[in-house]
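Chemist: Take a look at this one; I'll ask things after.
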Amino acid sequence: MIRTDPTKNMKKAHLLGIMAVSATLISARADVIPSLSSTSPTGGNFTWNYSSNVTVDQMVTSGDFFTIYDFGNFVAGSNLQPVGWTFSSSLIGTNPALVAPTDDPTKLNLTWTYIGAQPVTGSAALGIFSVVTDTNQTRTSDFASSATKTSDPNGSKVANIGS
């Protein structure tokens, strides 16, 4: 007769349960993520290009946005964005609900807001967003976004933050 330790089996079951819940939470996460894709010389200045994507189970609807914090000075009117997007900058915010990015009130933030009529459903590339500045020196700063949960019939907002 072979005996097994019941507490050992319970520990194994508990660990497998935690792993299953963790996998579900990770796979359910959805984000709008801007990434620096390049900087290129433009006369005596530099164009900073960000590519942005919306991930699975999320969509971008009118009013959704993303902000790159503490970018600093840039050439006024140099912003470019895909059709259906509008640009703004401010010293504070624009912040999605329930996130607390690091935001230096002395450095300009860059925000792009979707004003298009048709939702952009994830997983999808949103396009290239850019501004011109006088430096090509990189530094780390926060970004945050607000988008819409695809699988929620009420269209609940989903916020994310990263560096």
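By order in the structure tokens, chains are A, B, ...; within a chain, residues start at 1; ligands start at 1, following the order shown.
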I'd like to know which residues of chain A are helix (DSSP H, G or I) (by DSSP, run on the backbone); could you write them as a list in words?

Modeler: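 Those in chain A that DSSP calls helix (DSSP H, G or I) are Pro6, Thr7, Lys8, Asn9, Met10, Lys11, Lys12, Ala13, His14, Leu15, Leu16, Gly17, Ile18, Met19, Ala20, Val21, Ser22, Ala23, Thr24, Leu25, Ile26, Ser27 and Ala28 of chain A.
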
Chemist: Let me see the file: selected residues, N, CA and C atoms, as an mmCIF file, in the first residue's frame.

Modeler:
```
data_model
loop_
_atom_site.group_PDB
_atom_site.id
_atom_site.type_symbol
_atom_site.label_atom_id
_atom_site.label_comp_id
_atom_site.auth_asym_id
_atom_site.auth_seq_id
_atom_site.Cartn_x
_atom_site.Cartn_y
_atom_site.Cartn_z
ATOM 1 N N PRO A 6 -1.592 13.983 2.442
ATOM 2 C CA PRO A 6 -2.684 14.844 1.979
ATOM 3 C C PRO A 6 -2.319 16.331 2.012
ATOM 4 N N THR A 7 -1.465 16.764 2.927
ATOM 5 C CA THR A 7 -1.101 18.186 2.960
ATOM 6 C C THR A 7 -0.232 18.543 1.752
ATOM 7 N N LYS A 8 0.554 17.587 1.288
ATOM 8 C CA LYS A 8 1.378 17.819 0.111
ATOM 9 C C LYS A 8 0.484 17.998 -1.114
ATOM 10 N N ASN A 9 -0.548 17.190 -1.249
ATOM 11 C CA ASN A 9 -1.481 17.317 -2.367
ATOM 12 C C ASN A 9 -2.255 18.630 -2.289
ATOM 13 N N MET A 10 -2.622 19.045 -1.068
ATOM 14 C CA MET A 10 -3.345 20.303 -0.894
ATOM 15 C C MET A 10 -2.460 21.486 -1.280
ATOM 16 N N LYS A 11 -1.184 21.421 -0.892
ATOM 17 C CA LYS A 11 -0.254 22.493 -1.249
ATOM 18 C C LYS A 11 -0.098 22.580 -2.771
ATOM 19 N N LYS A 12 -0.010 21.419 -3.423
ATOM 20 C CA LYS A 12 0.108 21.384 -4.873
ATOM 21 C C LYS A 12 -1.130 21.984 -5.529
ATOM 22 N N ALA A 13 -2.298 21.618 -5.044
ATOM 23 C CA ALA A 13 -3.553 22.132 -5.593
ATOM 24 C C ALA A 13 -3.649 23.642 -5.382
ATOM 25 N N HIS A 14 -3.230 24.102 -4.207
ATOM 26 C CA HIS A 14 -3.267 25.537 -3.904
ATOM 27 C C HIS A 14 -2.336 26.300 -4.856
ATOM 28 N N LEU A 15 -1.126 25.774 -5.045
ATOM 29 C CA LEU A 15 -0.164 26.407 -5.934
ATOM 30 C C LEU A 15 -0.686 26.438 -7.371
ATOM 31 N N LEU A 16 -1.281 25.350 -7.839
ATOM 32 C CA LEU A 16 -1.845 25.319 -9.188
ATOM 33 C C LEU A 16 -2.988 26.315 -9.323
ATOM 34 N N GLY A 17 -3.789 26.466 -8.282
ATOM 35 C CA GLY A 17 -4.884 27.436 -8.288
ATOM 36 C C GLY A 17 -4.371 28.854 -8.401
ATOM 37 N N ILE A 18 -3.337 29.185 -7.642
ATOM 38 C CA ILE A 18 -2.737 30.520 -7.702
ATOM 39 C C ILE A 18 -2.178 30.780 -9.102
ATOM 40 N N MET A 19 -1.521 29.784 -9.682
ATOM 41 C CA MET A 19 -0.962 29.948 -11.018
ATOM 42 C C MET A 19 -2.068 30.161 -12.052
ATOM 43 N N ALA A 20 -3.178 29.456 -11.925
ATOM 44 C CA ALA A 20 -4.292 29.601 -12.868
ATOM 45 C C ALA A 20 -4.914 30.988 -12.771
ATOM 46 N N VAL A 21 -5.124 31.480 -11.553
ATOM 47 C CA VAL A 21 -5.689 32.819 -11.371
ATOM 48 C C VAL A 21 -4.730 33.870 -11.910
ATOM 49 N N SER A 22 -3.439 33.715 -11.647
ATOM 50 C CA SER A 22 -2.444 34.666 -12.146
ATOM 51 C C SER A 22 -2.433 34.696 -13.666
ATOM 52 N N ALA A 23 -2.490 33.546 -14.297
ATOM 53 C CA ALA A 23 -2.501 33.482 -15.756
ATOM 54 C C ALA A 23 -3.735 34.165 -16.315
ATOM 55 N N THR A 24 -4.866 34.000 -15.665
ATOM 56 C CA THR A 24 -6.096 34.651 -16.110
ATOM 57 C C THR A 24 -5.972 36.160 -15.996
ATOM 58 N N LEU A 25 -5.455 36.655 -14.896
ATOM 59 C CA LEU A 25 -5.311 38.098 -14.710
ATOM 60 C C LEU A 25 -4.339 38.690 -15.719
ATOM 61 N N ILE A 26 -3.253 37.999 -15.970
ATOM 62 C CA ILE A 26 -2.265 38.488 -16.921
ATOM 63 C C ILE A 26 -2.857 38.518 -18.318
ATOM 64 N N SER A 27 -3.573 37.479 -18.726
ATOM 65 C CA SER A 27 -4.117 37.435 -20.070
ATOM 66 C C SER A 27 -5.266 38.410 -20.249
ATOM 67 N N ALA A 28 -5.923 38.824 -19.181
ATOM 68 C CA ALA A 28 -7.046 39.749 -19.282
ATOM 69 C C ALA A 28 -6.598 41.198 -19.348
#
```

Chemist: Please identify all polymer residues within 10 Å of Ser52 (chain A), counting only C-alpha atoms, omitting same-chain residues fewer than 4 positions from it, and present them as a tab-separated table (two decimals) with C-alpha atoms, in the first residue's frame.

Modeler:
```
chain	number	residue	atom	x	y	z
A	32	VAL	CA	-2.57	51.37	-24.94
A	33	ILE	CA	1.20	51.49	-25.11
A	34	PRO	CA	3.28	54.26	-26.70
A	35	SER	CA	6.90	53.38	-27.46
A	36	LEU	CA	9.73	55.61	-28.66
A	37	SER	CA	10.41	54.27	-32.13
A	66	PHE	CA	-2.47	58.61	-23.92
A	124	ALA	CA	-3.91	47.06	-33.50
A	125	ALA	CA	-1.24	49.59	-34.30
A	126	LEU	CA	-2.54	53.14	-33.78
A	127	GLY	CA	0.17	54.83	-35.84
A	128	ILE	CA	3.10	57.19	-35.40
A	129	PHE	CA	2.85	60.27	-33.14
```

Chemist: Using CA of Asn79 (chain A) and CA of Ala100 (chain A) as the two end points, give the distance in Å to one decimal.

Modeler: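 It comes out at 25.5 Å.
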
Chemist: Give me the residues near Ser156 (chain A) as a list of chain:residue names, where near means some atom within 10 Å (using only C-alpha atoms) and where sequence neighbours in that chain fewer than 5 positions away do not count.

Modeler: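 Close residues of Ser156 (chain A): A:Gln58, A:Ala147, A:Thr148, A:Lys149, A:Thr150, A:Ser151.
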
Chemist: Enumerate, as a PyMOL selection string, the complete set of residues in chain A that a backbone-based DSSP assignment places in strand (DSSP E).

Modeler: chain A and resi 32-42+45-54+58-60+65-68+85-90+109-114+120-121+124-133+143-149+157-162

Chemist: One number please: CA of Thr47 (chain A) to CA of Ser123 (chain A), in Å, one decimal.

Modeler: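 A separation of 26.6 Å between them.
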
Chemist: Grab the CA of Ile115 (chain A) to CA of Asn45 (chain A) distance for me, in Å with one decimal place.

Modeler: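 According to the coordinates, CA of Ile115 (chain A) and CA of Asn45 (chain A) are separated by 29.2 Å.
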
Chemist: Of the residues A:Ser130, A:Thr111, A:Thr102, A:Ser62, which is the one nearest to Leu80 (chain A), using only C-alpha atoms?

Modeler: A:Ser130

Chemist: Using only C-alpha atoms, find each residue of region 23-120 of chain A with at least one atom at most 9 Å away from an atom of region 133-144 of chain A; report its shortest atom-to-atom pair and that distance in Å (one decimal), sort the rows by chain and rising residue number, and return the result as CSV.

Modeler:
```
residue,atom,partner,partner_atom,distance
A:Val32,CA,A:Ala144,CA,8.2
A:Ile33,CA,A:Ala144,CA,8.1
A:Pro34,CA,A:Phe143,CA,7.6
A:Thr39,CA,A:Asn136,CA,6.5
A:Ser40,CA,A:Asn136,CA,8.0
A:Pro41,CA,A:Asn136,CA,8.3
A:Gly44,CA,A:Asp134,CA,7.1
A:Asn45,CA,A:Asp134,CA,4.4
A:Phe46,CA,A:Thr133,CA,5.4
A:Thr47,CA,A:Thr133,CA,6.5
A:Trp48,CA,A:Thr133,CA,7.5
A:Phe65,CA,A:Ala144,CA,8.5
A:Phe66,CA,A:Ala144,CA,5.6
A:Thr67,CA,A:Ala144,CA,5.4
A:Ile68,CA,A:Phe143,CA,4.5
A:Tyr69,CA,A:Asp142,CA,5.5
A:Asp70,CA,A:Ser141,CA,6.4
A:Phe71,CA,A:Ser141,CA,7.7
A:Gly72,CA,A:Thr133,CA,8.7
A:Asn73,CA,A:Thr133,CA,6.6
A:Phe74,CA,A:Thr133,CA,4.3
A:Val75,CA,A:Thr133,CA,5.6
A:Ser78,CA,A:Thr133,CA,8.6
A:Thr94,CA,A:Ala144,CA,8.8
A:Asn95,CA,A:Ala144,CA,7.0
A:Pro96,CA,A:Ala144,CA,6.9
A:Val99,CA,A:Ala144,CA,7.8
A:Ala100,CA,A:Ala144,CA,8.9
A:Pro101,CA,A:Asp142,CA,6.1
A:Thr102,CA,A:Asp142,CA,6.3
A:Asp103,CA,A:Asp142,CA,7.8
```
